[in-house]
$ cat final.cif   # mmCIF, C-alpha atoms
data_start
loop_
_atom_site.label_atom_id
_atom_site.label_comp_id
_atom_site.auth_asym_id
_atom_site.auth_seq_id
_atom_site.Cartn_x
_atom_site.Cartn_y
_atom_site.Cartn_z
CA MET P 233 6.80 -30.77 -19.30
CA ALA P 234 5.61 -33.65 -17.10
CA ASP P 235 8.59 -35.79 -18.19
CA ALA P 236 10.98 -32.98 -17.30
CA GLU P 237 9.41 -32.67 -13.85
CA GLU P 238 9.65 -36.43 -13.29
CA GLN P 239 13.34 -36.38 -14.16
CA GLU P 240 14.17 -33.43 -11.92
CA PRO P 241 16.89 -34.41 -9.42
CA THR P 242 15.62 -34.74 -5.85
CA PRO P 243 17.33 -34.82 -2.43
CA ALA P 244 17.46 -38.60 -2.88
CA LYS P 245 20.70 -37.79 -4.71
CA LEU P 246 23.52 -36.96 -2.32
CA ASP P 247 24.87 -34.05 -4.39
CA VAL P 248 21.41 -32.43 -4.49
CA LEU P 249 20.97 -32.85 -0.72
CA LYS P 250 24.41 -31.31 -0.23
CA LYS P 251 23.42 -28.22 -2.25
CA TYR P 252 20.18 -27.80 -0.30
CA LYS P 253 22.11 -28.03 2.97
CA ALA P 254 24.71 -25.53 1.72
CA ALA P 255 21.95 -23.03 0.84
CA GLY P 256 20.33 -23.62 4.23
CA GLY P 257 23.61 -23.04 6.04
CA ILE P 258 24.10 -19.73 4.25
CA VAL P 259 20.58 -18.60 5.17
CA LYS P 260 21.26 -19.36 8.84
CA THR P 261 24.63 -17.60 8.76
CA VAL P 262 23.22 -14.43 7.21
CA PHE P 263 20.18 -14.49 9.50
CA ALA P 264 22.37 -14.60 12.60
CA GLU P 265 24.13 -11.44 11.41
CA ILE P 266 20.91 -9.63 10.48
CA ILE P 267 19.28 -10.36 13.84
CA GLN P 268 22.15 -8.48 15.52
CA LYS P 269 21.31 -5.44 13.37
CA VAL P 270 17.59 -5.44 14.16
CA LYS P 271 17.68 -2.89 16.96
CA ALA P 272 16.45 0.60 17.73
CA GLY P 273 17.82 3.12 15.24
CA GLY P 274 18.43 0.51 12.55
CA SER P 275 17.64 1.37 8.92
CA VAL P 276 15.39 -1.10 7.09
CA HIS P 277 16.91 -0.08 3.75
CA GLU P 278 20.45 -0.67 5.03
CA ILE P 279 19.63 -4.01 6.67
CA CYS P 280 17.94 -5.28 3.49
CA GLY P 281 20.97 -4.28 1.45
CA TYR P 282 23.31 -5.91 3.96
CA GLY P 283 21.35 -9.18 3.84
CA ASN P 284 21.39 -9.31 0.04
CA ASN P 285 25.11 -8.54 -0.15
CA ARG P 286 25.96 -11.18 2.43
CA ILE P 287 23.96 -13.88 0.61
CA LEU P 288 25.83 -13.04 -2.59
CA GLU P 289 29.17 -13.08 -0.76
CA GLU P 290 28.55 -16.43 0.94
CA THR P 291 27.14 -18.17 -2.13
CA GLY P 292 30.11 -16.82 -4.10
CA LYS P 293 32.53 -18.70 -1.85
CA ILE P 294 31.38 -22.21 -2.79
CA TYR P 295 31.33 -24.30 -5.97
CA LYS P 296 33.83 -21.88 -7.49
CA LYS P 297 35.26 -24.42 -9.92
CA GLU P 298 31.85 -25.38 -11.33
CA LYS P 299 31.33 -22.32 -13.54
CA SER P 300 27.98 -23.56 -14.85
CA ILE P 301 26.41 -23.59 -11.36
CA LYS P 302 24.36 -20.47 -10.67
CA LYS P 303 24.18 -19.33 -7.05
CA GLY P 304 22.79 -16.40 -5.13
CA ILE P 305 19.54 -14.98 -3.83
CA ALA P 306 16.39 -17.10 -3.91
CA PHE P 307 14.32 -14.43 -2.16
CA PRO P 308 15.55 -10.86 -1.49
CA THR P 309 15.88 -9.66 2.07
CA CYS P 310 12.66 -8.03 3.31
CA LEU P 311 11.92 -6.39 6.67
CA SER P 312 8.23 -5.87 7.35
CA VAL P 313 7.45 -3.95 10.54
CA ASN P 314 4.40 -4.17 12.84
CA ASN P 315 1.20 -4.17 10.71
CA CYS P 316 3.17 -4.54 7.46
CA ILE P 317 2.65 -8.19 6.55
CA CYS P 318 5.30 -8.94 3.96
CA HIS P 319 7.59 -7.99 1.03
CA PHE P 320 8.86 -4.62 2.30
CA SER P 321 12.30 -4.01 0.76
CA PRO P 322 12.63 -0.28 -0.02
CA LEU P 323 14.78 1.16 -2.78
CA LYS P 324 17.25 3.96 -2.04
CA THR P 325 14.76 6.41 -3.58
CA ASP P 326 11.92 5.20 -1.31
CA PRO P 327 11.15 6.46 2.21
CA ASP P 328 13.16 4.43 4.73
CA VAL P 329 11.88 3.00 8.01
CA THR P 330 13.89 3.47 11.22
CA LEU P 331 13.38 0.71 13.77
CA GLN P 332 12.19 1.60 17.26
CA ASP P 333 12.03 -0.24 20.56
CA GLY P 334 8.99 -2.50 20.65
CA ASP P 335 8.70 -2.84 16.86
CA MET P 336 7.71 -6.29 15.60
CA VAL P 337 10.09 -7.01 12.71
CA LYS P 338 9.63 -9.85 10.25
CA VAL P 339 12.83 -10.72 8.37
CA ASP P 340 12.39 -12.83 5.22
CA LEU P 341 15.11 -14.07 2.82
CA GLY P 342 16.37 -17.01 0.79
CA ALA P 343 19.46 -18.42 -0.93
CA GLN P 344 19.98 -20.91 -3.75
CA ILE P 345 22.78 -23.14 -4.96
CA ASP P 346 22.36 -24.51 -8.50
CA GLY P 347 18.66 -23.68 -8.27
CA TYR P 348 18.15 -25.59 -4.99
CA ILE P 349 16.36 -23.20 -2.65
CA ALA P 350 16.42 -22.56 1.09
CA VAL P 351 14.18 -19.86 2.59
CA ALA P 352 13.46 -18.60 6.09
CA ALA P 353 11.59 -15.89 7.94
CA HIS P 354 11.72 -14.95 11.60
CA THR P 355 10.06 -12.42 13.89
CA ILE P 356 12.06 -10.23 16.27
CA VAL P 357 10.62 -7.76 18.77
CA VAL P 358 13.12 -4.91 19.06
CA GLY P 359 14.47 -4.57 22.59
CA ALA P 360 13.05 -7.84 23.94
CA SER P 361 15.22 -9.33 26.69
CA PRO P 362 14.88 -11.36 29.90
CA GLU P 363 14.56 -8.02 31.73
CA ASN P 364 12.12 -6.61 29.16
CA LYS P 365 9.78 -9.45 28.23
CA VAL P 366 7.15 -9.21 25.50
CA LYS P 367 3.59 -9.30 26.86
CA GLY P 368 -0.01 -8.69 25.83
CA ARG P 369 -1.07 -8.89 22.19
CA LYS P 370 2.53 -8.77 20.99
CA ALA P 371 3.26 -11.97 22.87
CA ASP P 372 -0.02 -13.54 21.74
CA VAL P 373 0.65 -13.07 18.04
CA VAL P 374 4.31 -14.17 18.16
CA LEU P 375 3.51 -17.30 20.16
CA ALA P 376 0.54 -18.08 17.91
CA ALA P 377 2.74 -17.90 14.80
CA TYR P 378 5.66 -19.78 16.35
CA ASN P 379 3.54 -22.60 17.76
CA ALA P 380 1.53 -22.88 14.54
CA ALA P 381 4.77 -23.17 12.55
CA GLN P 382 6.00 -25.89 14.91
CA VAL P 383 2.75 -27.82 14.47
CA ALA P 384 3.04 -27.47 10.69
CA LEU P 385 6.60 -28.81 10.88
CA ARG P 386 5.27 -31.98 12.48
CA LEU P 387 2.34 -32.38 10.08
CA VAL P 388 4.10 -31.75 6.77
CA LYS P 389 5.22 -35.34 6.41
CA PRO P 390 4.79 -38.15 3.87
CA GLY P 391 1.24 -39.48 3.72
CA ASN P 392 -0.47 -36.44 5.24
CA GLU P 393 -2.84 -34.24 3.22
CA ASN P 394 -2.40 -30.48 2.95
CA SER P 395 -5.83 -29.79 4.53
CA VAL P 396 -4.64 -31.32 7.82
CA VAL P 397 -1.99 -28.60 8.16
CA THR P 398 -4.46 -25.83 7.35
CA GLU P 399 -6.85 -26.96 10.10
CA ALA P 400 -4.12 -27.38 12.72
CA ILE P 401 -2.68 -23.90 12.13
CA GLN P 402 -6.17 -22.42 12.50
CA LYS P 403 -6.65 -24.19 15.86
CA VAL P 404 -3.38 -22.84 17.23
CA ALA P 405 -4.15 -19.27 16.12
CA ASP P 406 -7.63 -19.52 17.64
CA SER P 407 -6.09 -20.56 20.97
CA PHE P 408 -4.24 -17.24 21.11
CA ASP P 409 -7.25 -15.22 19.87
CA CYS P 410 -5.40 -14.47 16.63
CA LYS P 411 -6.02 -15.02 12.91
CA PRO P 412 -3.71 -16.48 10.26
CA ILE P 413 -3.28 -14.13 7.29
CA GLU P 414 -6.00 -15.10 4.82
CA GLY P 415 -4.97 -17.07 1.76
CA MET P 416 -1.22 -17.28 2.38
CA LEU P 417 0.34 -20.32 0.71
CA SER P 418 3.27 -22.54 1.65
CA HIS P 419 4.64 -24.07 -1.53
CA GLN P 420 6.67 -27.05 -2.53
CA LEU P 421 10.15 -25.87 -3.56
CA ARG P 422 11.60 -27.32 -6.73
CA ARG P 423 14.74 -26.57 -8.65
CA ASN P 424 14.55 -22.88 -9.67
CA VAL P 425 10.87 -22.83 -8.62
CA ILE P 426 9.87 -21.11 -5.37
CA ASP P 427 6.12 -21.66 -5.85
CA GLY P 428 5.65 -25.30 -6.86
CA GLU P 429 2.17 -26.66 -7.58
CA LYS P 430 1.81 -28.54 -4.30
CA ALA P 431 0.94 -26.24 -1.40
CA PHE P 432 -1.06 -25.77 1.75
CA ILE P 433 -3.05 -22.65 2.58
CA ILE P 434 -3.81 -20.82 5.83
CA ASN P 435 -7.13 -19.23 6.76
CA PRO P 436 -8.66 -19.75 3.29
CA SER P 437 -11.83 -18.05 2.10
CA ASP P 438 -14.58 -20.39 0.88
CA LEU P 439 -13.50 -19.81 -2.72
CA GLN P 440 -9.81 -20.37 -1.94
CA ARG P 441 -10.65 -23.59 -0.11
CA LYS P 442 -12.49 -24.89 -3.19
CA GLU P 443 -9.82 -23.78 -5.66
CA LEU P 444 -6.75 -25.18 -3.89
CA GLU P 445 -6.04 -28.69 -5.11
CA LYS P 446 -5.82 -31.38 -2.45
CA CYS P 447 -2.44 -33.06 -2.29
CA THR P 448 -0.49 -35.57 -0.24
CA PHE P 449 3.05 -34.89 0.91
CA GLU P 450 5.62 -37.38 -0.39
CA VAL P 451 9.15 -38.52 0.42
CA HIS P 452 12.00 -36.39 -1.01
CA GLU P 453 9.78 -33.34 -1.48
CA VAL P 454 10.97 -29.94 -0.23
CA TYR P 455 8.65 -27.31 1.27
CA GLY P 456 8.89 -23.73 2.46
CA ILE P 457 6.60 -23.76 5.51
CA ASP P 458 5.42 -20.16 5.93
CA VAL P 459 3.10 -19.13 8.76
CA LEU P 460 1.88 -15.55 9.21
CA VAL P 461 -0.51 -14.66 12.02
CA SER P 462 -2.26 -11.39 12.88
CA SER P 463 -3.65 -9.88 16.06
CA GLY P 464 -6.44 -8.49 13.86
CA LYS P 465 -8.80 -9.97 11.29
CA GLY P 466 -6.05 -11.54 9.19
CA LYS P 467 -6.86 -9.70 5.97
CA GLY P 468 -4.01 -8.23 3.95
CA ARG P 469 -4.45 -5.20 1.72
CA ASP P 470 -2.34 -3.07 -0.61
CA MET P 471 -1.51 0.46 0.48
CA ASP P 472 0.52 3.04 -1.45
CA THR P 473 3.91 1.39 -0.86
CA ARG P 474 5.95 0.75 -4.00
CA THR P 475 6.30 -2.91 -5.01
CA THR P 476 10.01 -3.71 -5.35
CA VAL P 477 10.04 -7.54 -5.36
CA TYR P 478 9.17 -9.37 -8.58
CA LYS P 479 9.80 -12.62 -10.38
CA LYS P 480 9.72 -13.46 -14.07
CA ARG P 481 6.71 -15.35 -15.46
CA GLU P 482 6.57 -17.73 -18.40
CA SER P 483 5.65 -15.31 -21.19
CA SER P 484 6.10 -14.94 -24.93
CA TYR P 485 5.11 -11.26 -25.01
CA GLN P 486 7.45 -9.12 -27.11
CA LEU P 487 8.36 -6.03 -25.11
CA LYS P 488 8.21 -2.75 -27.05
CA MET P 489 10.43 -0.44 -25.00
CA ARG P 490 14.20 -0.72 -25.15
CA THR P 491 14.47 -0.08 -21.40
CA SER P 492 12.08 -2.95 -20.71
CA ARG P 493 14.01 -5.34 -22.93
CA GLN P 494 17.27 -4.31 -21.27
CA PHE P 495 15.72 -4.91 -17.85
CA LEU P 496 14.37 -8.34 -18.85
CA LEU P 497 17.77 -9.33 -20.24
CA GLU P 498 19.37 -8.55 -16.88
CA VAL P 499 16.66 -10.46 -14.99
CA ASN P 500 17.14 -13.51 -17.22
CA LYS P 501 20.89 -13.46 -16.63
CA LYS P 502 20.93 -12.75 -12.89
CA PHE P 503 17.73 -14.18 -11.42
CA GLY P 504 16.02 -16.51 -13.88
CA TYR P 505 12.56 -17.35 -12.51
CA LEU P 506 13.41 -16.62 -8.87
CA PRO P 507 12.21 -13.53 -6.95
CA PHE P 508 14.46 -10.47 -6.82
CA SER P 509 14.41 -6.87 -5.67
CA LEU P 510 14.75 -4.00 -8.13
CA SER P 511 17.56 -2.79 -5.86
CA LEU P 512 19.65 -5.77 -7.04
CA CYS P 513 19.62 -4.56 -10.63
CA GLU P 514 22.64 -2.71 -12.00
CA ASP P 515 20.76 0.55 -12.47
CA GLU P 516 17.81 1.12 -10.16
CA LYS P 517 16.27 3.82 -12.34
CA THR P 518 16.34 1.59 -15.44
CA ALA P 519 14.80 -1.25 -13.42
CA ARG P 520 12.00 0.99 -12.12
CA MET P 521 11.18 2.06 -15.68
CA GLY P 522 11.59 -1.36 -17.29
CA VAL P 523 9.43 -3.25 -14.84
CA VAL P 524 6.35 -1.14 -15.70
CA GLU P 525 5.81 -2.63 -19.17
CA CYS P 526 6.82 -6.10 -17.92
CA TYR P 527 4.19 -5.97 -15.16
CA LYS P 528 1.52 -4.51 -17.45
CA HIS P 529 1.84 -7.45 -19.87
CA ASP P 530 2.27 -10.21 -17.24
CA VAL P 531 5.96 -10.73 -17.95
CA MET P 532 6.67 -10.10 -14.24
CA GLN P 533 4.77 -11.26 -11.16
CA PRO P 534 4.70 -8.66 -8.36
CA PHE P 535 5.11 -9.48 -4.67
CA ASN P 536 2.99 -6.65 -3.34
CA VAL P 537 3.67 -5.09 0.04
CA LEU P 538 0.64 -6.04 2.14
CA TYR P 539 -0.68 -4.49 5.35
CA GLU P 540 -3.03 -5.38 8.17
CA LYS P 541 -5.18 -2.68 9.70
CA GLU P 542 -3.24 0.11 11.41
CA GLY P 543 -2.54 -0.75 15.05
CA GLN P 544 -2.59 -4.51 14.51
CA LEU P 545 0.50 -6.72 14.58
CA VAL P 546 1.69 -9.56 12.35
CA ALA P 547 4.25 -12.26 13.18
CA GLN P 548 5.88 -14.68 10.74
CA PHE P 549 7.95 -17.86 10.95
CA LYS P 550 9.15 -19.68 7.85
CA PHE P 551 11.60 -22.50 7.29
CA THR P 552 12.60 -25.04 4.66
CA VAL P 553 12.12 -28.76 5.17
CA ILE P 554 13.07 -31.87 3.20
CA LEU P 555 10.88 -34.95 3.67
CA MET P 556 13.44 -37.73 3.85
CA PRO P 557 12.67 -41.47 4.35
CA ASN P 558 14.08 -41.41 7.90
CA GLY P 559 12.37 -38.17 8.93
CA THR P 560 12.13 -34.46 8.21
CA VAL P 561 15.32 -32.48 7.68
CA GLN P 562 14.88 -28.84 8.72
CA LEU P 563 17.33 -26.75 6.69
CA THR P 564 16.80 -23.27 8.09
CA GLU P 565 15.82 -23.61 11.75
CA LEU P 566 16.63 -20.46 13.71
CA PRO P 567 16.99 -19.99 17.49
CA PHE P 568 13.88 -18.70 19.24
CA ASP P 569 13.84 -17.88 22.96
CA ILE P 570 10.28 -18.64 23.95
CA SER P 571 10.95 -17.50 27.53
CA LEU P 572 10.97 -13.86 26.33
CA TYR P 573 7.22 -14.03 25.61
CA GLU P 574 4.46 -14.09 28.22
CA SER P 575 0.87 -14.69 27.10
CA GLU P 576 -2.32 -15.39 29.01
CA HIS P 577 -3.22 -17.86 26.26
CA SER P 578 -1.99 -21.35 25.40
CA ILE P 579 -2.86 -24.13 22.97
CA GLN P 580 -6.24 -25.56 23.98
CA ASP P 581 -6.79 -28.35 21.45
CA GLU P 582 -5.51 -31.61 23.00
CA GLU P 583 -4.67 -33.25 19.68
CA THR P 584 -2.67 -30.20 18.60
CA LYS P 585 -0.77 -30.21 21.90
CA VAL P 586 0.41 -33.73 21.15
CA PHE P 587 1.60 -32.71 17.67
CA ASN P 588 3.34 -29.65 19.04
CA ASN P 589 5.02 -31.22 22.06
CA ILE P 590 6.49 -27.85 23.13
CA GLN P 591 5.73 -25.31 25.81
CA SER P 592 3.70 -22.40 24.47
CA ILE P 593 4.15 -20.27 27.58
#
$ encode --input "final.cif" --output "structure tokens"
Amino acid sequence: MADAEEQEPTPAKLDVLKKYKAAGGIVKTVFAEIIQKVKAGGSVHEICGYGNNRILEETGKIYKKEKSIKKGIAFPTCLSVNNCICHFSPLKTDPDVTLQDGDMVKVDLGAQIDGYIAVAAHTIVVGASPENKVKGRKADVVLAAYNAAQVALRLVKPGNENSVVTEAIQKVADSFDCKPIEGMLSHQLRRNVIDGEKAFIINPSDLQRKELEKCTFEVHEVYGIDVLVSSGKGKGRDMDTRTTVYKKRESSYQLKMRTSRQFLLEVNKKFGYLPFSLSLCEDEKTARMGVVECYKHDVMQPFNVLYEKEGQLVAQFKFTVILMPNGTVQLTELPFDISLYESEHSIQDEETKVFNNIQSI
């Protein structure tokens, strides 16, 4: 296994770098379209479906001659609103959410070309404009998450340890009187692997801090920098929302039910070990039935829909970076108009200000 990992192609190879950049370009293209749809009256179910379809369409346009190259979704489109933290991607049989003015919407998605992954997440406040600026706690939490992500971008570089990023994100969140979501991880991205062993954590518990292995970032590594910040206590919890996003685990368990085996066969063919939504399966009902046995016997890993306390708000910014010898390449940067947000708070830590080198208000 170690030998296989050592031989894995990295962005040091031009063709690998090209595939990463192609995936990143598709993510940015689809994001630009989705952002236009995030407005009052919009259907979360419809927007998620649109995002998934567009990723499949765009990835289907390239590398057509290379039949062996698999392309498509690396993370299904999710829209998590207000106190919903992450992974909300409802099925057609689930209750939908209709967006309203003032909603804080976190859009999260990813694409892959030949297993090379690009992911992104972005926060939009519905109805925000130069004439209708975002203020109060809404502005605090968005600016805390955005600034923390920008600091992380500057600190995830060769030679730095993961703990440095954790501490810096905490300082930024504290400056805005906010809390990072406890225990959230930003992983190294490897070919067909969205949760590589190297990672940094935000707002860890004492146990999580002890358990997470220290690591040093190295040249030619790829990371999905993912920062989620709450106006509340930063503790996520499960509610009664159906989990729809899963990914296959390494498992030798022999499934008993025919429906489960049929479902696993489709997952193997379409998604491999990358996350997917049950809505992307050919028959949603079969997928809903088949995933039950798979989850029960650890054949599938769930991405549970998590929530903060009712009335609190959560913002998220995520992007993909490649640590190249001549500097960091940001694959999925998205436009953010910081002038739409007015907060009474700003970054207080002088060292962090230097790393950030941007205006927080």
$ resolve_selection --input "final.cif" --expression "the PyMOL selection byres ((chain P and resi 487) around 12)" --output "list in words"
Ser483, Ser484, Tyr485, Gln486, Lys488, Met489, Arg490, Thr491, Ser492, Arg493, Gln494, Phe495, Leu496, Leu497, Gly522, Val523, Val524, Glu525, Cys526, Tyr527, Lys528, His529, Asp530, Val531 and Met532 of chain P
$ resolve_selection --input "final.cif" --expression "the PyMOL selection byres ((chain P and resi 333) around 10)" --output "list in words"
Val270, Lys271, Ala272, Gly273, Leu331, Gln332, Gly334, Asp335, Met336, Val357, Val358, Gly359 and Ala360 of chain P
$ resolve_selection --input "final.cif" --expression "the PyMOL selection byres ((chain P and resi 564-580) around 6)" --output "ChimeraX atom specification"
/P:256,260,362,365-367,371-372,404,407-408,551-552,562-563,581,592
$ residues_around --input "final.cif" --residues "Ser463 in chain P" --least-positions-apart "2" --cutoff "6 Å" --atoms "only C-alpha atoms" --output "PDB file with C-alpha atoms, in the frame of the given file"
ATOM      1  CA  VAL P 373       0.650 -13.070  18.040  1.00  0.00           C
ATOM      2  CA  CYS P 410      -5.400 -14.470  16.630  1.00  0.00           C
ATOM      3  CA  GLN P 544      -2.590  -4.510  14.510  1.00  0.00           C
ATOM      4  CA  LEU P 545       0.500  -6.720  14.580  1.00  0.00           C
TER       5      LEU P 545
END
$ residues_around --input "final.cif" --residues "His277 in chain P" --least-positions-apart "5" --cutoff "9 Å" --atoms "all atoms listed in the file" --output "list in words"
Tyr282, Leu311, Ser321, Pro322, Leu323, Lys324, Asp326, Pro327, Asp328, Val329 and Thr330 of chain P
$ atom_distance --input "final.cif" --atom1 "CA of Pro557 in chain P" --atom2 "CA of Ala306 in chain P"
26.0 Å
$ closest_residue --input "final.cif" --among "P:Ser462, P:Val313, P:Val339, P:Val248" --to "Ala264 in chain P" --atoms "all atoms listed in the file"
P:Val339
$ residues_around --input "final.cif" --residues "Ile258 in chain P" --least-positions-apart "5" --cutoff "12 Å" --atoms "all atoms listed in the file" --output "PyMOL selection string"
chain P and resi 251-253+263-265+283-284+286-294+303-306+341-345+349-352+563-565
$ atom_distance --input "final.cif" --atom1 "CA of Tyr539 in chain P" --atom2 "CA of Leu375 in chain P"
20.0 Å
$ decode --input "final.cif" --residues "range 476-556 of chain P" --atoms "C-alpha atoms" --output "PDB file, in the first residue's frame"
ATOM      1  CA  THR P 476     -28.401  11.368   1.371  1.00  0.00           C
ATOM      2  CA  VAL P 477     -24.629  11.736   0.823  1.00  0.00           C
ATOM      3  CA  TYR P 478     -22.407   8.669   1.228  1.00  0.00           C
ATOM      4  CA  LYS P 479     -19.129   7.233   0.054  1.00  0.00           C
ATOM      5  CA  LYS P 480     -17.951   3.650  -0.224  1.00  0.00           C
ATOM      6  CA  ARG P 481     -15.545   2.296   2.401  1.00  0.00           C
ATOM      7  CA  GLU P 482     -12.916  -0.402   2.025  1.00  0.00           C
ATOM      8  CA  SER P 483     -14.920  -3.467   3.077  1.00  0.00           C
ATOM      9  CA  SER P 484     -15.009  -7.194   2.429  1.00  0.00           C
ATOM     10  CA  TYR P 485     -18.490  -7.692   3.896  1.00  0.00           C
ATOM     11  CA  GLN P 486     -20.740  -9.863   1.724  1.00  0.00           C
ATOM     12  CA  LEU P 487     -24.098  -8.132   1.368  1.00  0.00           C
ATOM     13  CA  LYS P 488     -27.129 -10.384   1.832  1.00  0.00           C
ATOM     14  CA  MET P 489     -29.900  -8.454   0.081  1.00  0.00           C
ATOM     15  CA  ARG P 490     -30.138  -8.380  -3.703  1.00  0.00           C
ATOM     16  CA  THR P 491     -31.145  -4.696  -3.626  1.00  0.00           C
ATOM     17  CA  SER P 492     -28.047  -3.860  -1.599  1.00  0.00           C
ATOM     18  CA  ARG P 493     -25.763  -5.730  -3.982  1.00  0.00           C
ATOM     19  CA  GLN P 494     -27.383  -4.004  -6.953  1.00  0.00           C
ATOM     20  CA  PHE P 495     -26.881  -0.629  -5.270  1.00  0.00           C
ATOM     21  CA  LEU P 496     -23.217  -1.352  -4.466  1.00  0.00           C
ATOM     22  CA  LEU P 497     -22.588  -2.460  -8.048  1.00  0.00           C
ATOM     23  CA  GLU P 498     -23.889   0.886  -9.305  1.00  0.00           C
ATOM     24  CA  VAL P 499     -21.797   2.811  -6.750  1.00  0.00           C
ATOM     25  CA  ASN P 500     -18.656   0.921  -7.787  1.00  0.00           C
ATOM     26  CA  LYS P 501     -19.275   1.710 -11.441  1.00  0.00           C
ATOM     27  CA  LYS P 502     -20.321   5.349 -11.141  1.00  0.00           C
ATOM     28  CA  PHE P 503     -18.604   6.784  -8.068  1.00  0.00           C
ATOM     29  CA  GLY P 504     -15.836   4.474  -6.848  1.00  0.00           C
ATOM     30  CA  TYR P 505     -14.656   5.732  -3.455  1.00  0.00           C
ATOM     31  CA  LEU P 506     -15.824   9.324  -3.947  1.00  0.00           C
ATOM     32  CA  PRO P 507     -18.878  10.862  -2.228  1.00  0.00           C
ATOM     33  CA  PHE P 508     -22.215  10.810  -4.038  1.00  0.00           C
ATOM     34  CA  SER P 509     -25.860  11.593  -3.423  1.00  0.00           C
ATOM     35  CA  LEU P 510     -28.515   8.888  -3.538  1.00  0.00           C
ATOM     36  CA  SER P 511     -30.309  11.179  -6.010  1.00  0.00           C
ATOM     37  CA  LEU P 512     -27.558  10.406  -8.552  1.00  0.00           C
ATOM     38  CA  CYS P 513     -28.424   6.718  -8.599  1.00  0.00           C
ATOM     39  CA  GLU P 514     -30.537   5.343 -11.430  1.00  0.00           C
ATOM     40  CA  ASP P 515     -33.449   4.450  -9.168  1.00  0.00           C
ATOM     41  CA  GLU P 516     -33.809   6.532  -6.025  1.00  0.00           C
ATOM     42  CA  LYS P 517     -36.058   4.019  -4.281  1.00  0.00           C
ATOM     43  CA  THR P 518     -33.589   1.154  -4.853  1.00  0.00           C
ATOM     44  CA  ALA P 519     -30.759   3.361  -3.581  1.00  0.00           C
ATOM     45  CA  ARG P 520     -32.698   4.281  -0.421  1.00  0.00           C
ATOM     46  CA  MET P 521     -33.313   0.599   0.287  1.00  0.00           C
ATOM     47  CA  GLY P 522     -29.858  -0.650  -0.677  1.00  0.00           C
ATOM     48  CA  VAL P 523     -27.913   1.863   1.368  1.00  0.00           C
ATOM     49  CA  VAL P 524     -29.484   0.634   4.641  1.00  0.00           C
ATOM     50  CA  GLU P 525     -27.629  -2.699   4.741  1.00  0.00           C
ATOM     51  CA  CYS P 526     -24.463  -1.060   3.368  1.00  0.00           C
ATOM     52  CA  TYR P 527     -24.467   1.525   6.166  1.00  0.00           C
ATOM     53  CA  LYS P 528     -25.333  -1.033   8.845  1.00  0.00           C
ATOM     54  CA  HIS P 529     -22.262  -3.132   7.976  1.00  0.00           C
ATOM     55  CA  ASP P 530     -19.837  -0.219   7.364  1.00  0.00           C
ATOM     56  CA  VAL P 531     -19.775  -0.681   3.596  1.00  0.00           C
ATOM     57  CA  MET P 532     -20.823   2.982   3.228  1.00  0.00           C
ATOM     58  CA  GLN P 533     -19.697   6.055   5.157  1.00  0.00           C
ATOM     59  CA  PRO P 534     -22.501   8.577   5.754  1.00  0.00           C
ATOM     60  CA  PHE P 535     -22.090  12.344   5.490  1.00  0.00           C
ATOM     61  CA  ASN P 536     -24.699  13.278   8.056  1.00  0.00           C
ATOM     62  CA  VAL P 537     -26.645  16.520   7.819  1.00  0.00           C
ATOM     63  CA  LEU P 538     -25.473  18.534  10.828  1.00  0.00           C
ATOM     64  CA  TYR P 539     -27.108  21.496  12.555  1.00  0.00           C
ATOM     65  CA  GLU P 540     -26.158  24.264  14.940  1.00  0.00           C
ATOM     66  CA  LYS P 541     -28.656  25.404  17.532  1.00  0.00           C
ATOM     67  CA  GLU P 542     -31.837  26.927  16.096  1.00  0.00           C
ATOM     68  CA  GLY P 543     -31.417  30.669  15.539  1.00  0.00           C
ATOM     69  CA  GLN P 544     -27.649  30.497  15.046  1.00  0.00           C
ATOM     70  CA  LEU P 545     -25.902  30.959  11.706  1.00  0.00           C
ATOM     71  CA  VAL P 546     -23.075  29.084   9.996  1.00  0.00           C
ATOM     72  CA  ALA P 547     -20.843  30.313   7.159  1.00  0.00           C
ATOM     73  CA  GLN P 548     -18.458  28.217   5.064  1.00  0.00           C
ATOM     74  CA  PHE P 549     -15.631  28.846   2.607  1.00  0.00           C
ATOM     75  CA  LYS P 550     -13.724  26.012   0.965  1.00  0.00           C
ATOM     76  CA  PHE P 551     -11.229  25.866  -1.867  1.00  0.00           C
ATOM     77  CA  THR P 552      -8.634  23.558  -3.370  1.00  0.00           C
ATOM     78  CA  VAL P 553      -4.937  24.409  -3.361  1.00  0.00           C
ATOM     79  CA  ILE P 554      -1.830  22.805  -4.846  1.00  0.00           C
ATOM     80  CA  LEU P 555       1.473  23.463  -3.059  1.00  0.00           C
ATOM     81  CA  MET P 556       3.846  24.053  -5.950  1.00  0.00           C
TER      82      MET P 556
END
